[in-house]
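Just below is one structure, and these are the notes that go with it.
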Amino acid sequence: MRLLLGTKNRGKIAEIRAILEEVPDIELLTVREQPFTDVPEDGETFEENARKKARAISQETGLAVLAEDSGLEVAALGGAPGVRSARFAGETKDDRANIAKLLELLTGVTDRRARFRCVAVLHFPDGREWIGEGTLDGQIALAPRGSAGFGYDPVFIPEGYEHTLAELGPQIKNQISHRRRALQALIAAIRGSSPRERAR
Ligand code: ITT
């Protein structure tokens with residue numbers, strides 16, 4: 001199966017590639033081989049944004065497209081930054097600025113529970129569409145630690161671990177991540193059932 005990855009985020013591309021390496025018969029194309037236009041992410045949910053990206057890029061390119069929308073939900077912030085995770089500190093999608101803003105808002109806050117969420121959508125040009133969702137629970141660290149990964153990885157300590165995802169590195173992250181779980185759910189849906197209705 002030939003799939004175009006509908007993301008321009010290099011961290012996501014590397015992780016999805018590594019996760020899907022285990023799945024036979026998938027040929028992945030990226031924005032390098034097949035450029036596409038940015039899709040405005042103005043939906044209120046991860047699912048809405050993921051569907052929007054997959055559909056728009058599939059329509060533009062005529063290819064099967066795997067897109068995902070993901071983000072961080074922080075309990076003490078009522079689920080923020082959520083769908084606005086990439087632009088939390090501004091339109092430039094600056095990871096460092098996003099982390100600085102998050103730590104600032106959590107100064108003195110003892111409840112540091114957080115959850116990564118990812119919704120992945122696979123859309124075919126003939127309209128068939130599948131979806132998978134995954135989460136990863138954890139805590140927000142008091143300060144950034146580690147250099148691997150992207151986004152909020154330096155401040156996210158997954159449940160059951162003492163180190164941040166940026167310290168744990170891709171081998172461990174890709175075994176437990178919200179992205180892996182979403183892709184696993186998507187693959188299970190493809191293998192086990194018919195596509196979910198397109199008109200949702
Ligand atoms: P595309 O829309 O091109 O896929 P994007 O970076 O704009 O790329 P999103 O809108 O889905 O992607 O925003 C996701 C943001 O959530 C991302 O920029 C990070 O700040 C954060 N995020 C999601 N998954 C993450 C992960 O595994 N590790 C750290 N941060 C993550």
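Numbering starts fresh at 1 for the residues of each chain in the structure tokens, the chains themselves are lettered A, B, ... in the order given, and ligands are numbered from 1 as they appear.
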
Please extract the residues at most 9 Å from ligand 1, counting only C-alpha atoms and all ligand atoms, and provide them as a ChimeraX atom specification, using the chain letters and residue numbers of this document.
/A:5-13,15,38-41,46,49-50,53,67-72,81-88,93-95,98-99,116-119,149-156,165-166,173-174,177-179

Close residues, Glu22 in chain A itself excluded, 12 Å, only C-alpha atoms, min 5 positions apart in chain, as a list of chain:residue names
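Here the qualifying residues turn out to be A:Ile16, A:Arg17, A:Glu27, A:Asn174, A:Gln175, A:Arg180, A:Leu183, A:Gln184, A:Ile187.
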
Take the selection from the previous step and output its residues with C-alpha atoms, as a PDB file, in the first residue's frame.
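Result went into again39.pdb, see below:
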```pdb
ATOM      1  CA  ILE A  16       5.501   7.380  12.121  1.00  0.00           C
ATOM      2  CA  ARG A  17       8.180   5.962   9.820  1.00  0.00           C
ATOM      3  CA  GLU A  27       5.403   2.381   1.099  1.00  0.00           C
ATOM      4  CA  ASN A 174       7.800   4.674  20.009  1.00  0.00           C
ATOM      5  CA  GLN A 175       6.799   1.635  22.076  1.00  0.00           C
ATOM      6  CA  ARG A 180       1.924   4.382  18.291  1.00  0.00           C
ATOM      7  CA  LEU A 183      -1.624   3.865  14.575  1.00  0.00           C
ATOM      8  CA  GLN A 184      -2.166   0.453  16.181  1.00  0.00           C
ATOM      9  CA  ILE A 187      -4.372  -0.802  11.723  1.00  0.00           C
TER      10      ILE A 187
END
```

Would you list, as an MDAnalysis selection string, the residues of range 41-187 of chain A that end up in strand (DSSP E or B) under DSSP run on this structure's backbone?
chainID A and resid 65:74 81 113:123 129:140 156:158

Could you tell me how far CA of Gln171 in chain A lies from CA of Leu136 in chain A, in Å and to one decimal?
15.5 Å

What separation in Å, quoted to one decimal, exists between CA of Leu186 in chain A and CA of Glu21 in chain A?
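If I compute the distance from CA of Leu186 in chain A to CA of Glu21 in chain A, I get 15.1 Å.
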
Mind pulling up the distance from CA of Thr30 in chain A to CA of Ala14 in chain A?
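Answer for the CA of Ala14 in chain A to CA of Thr30 in chain A separation: 10.4 Å.
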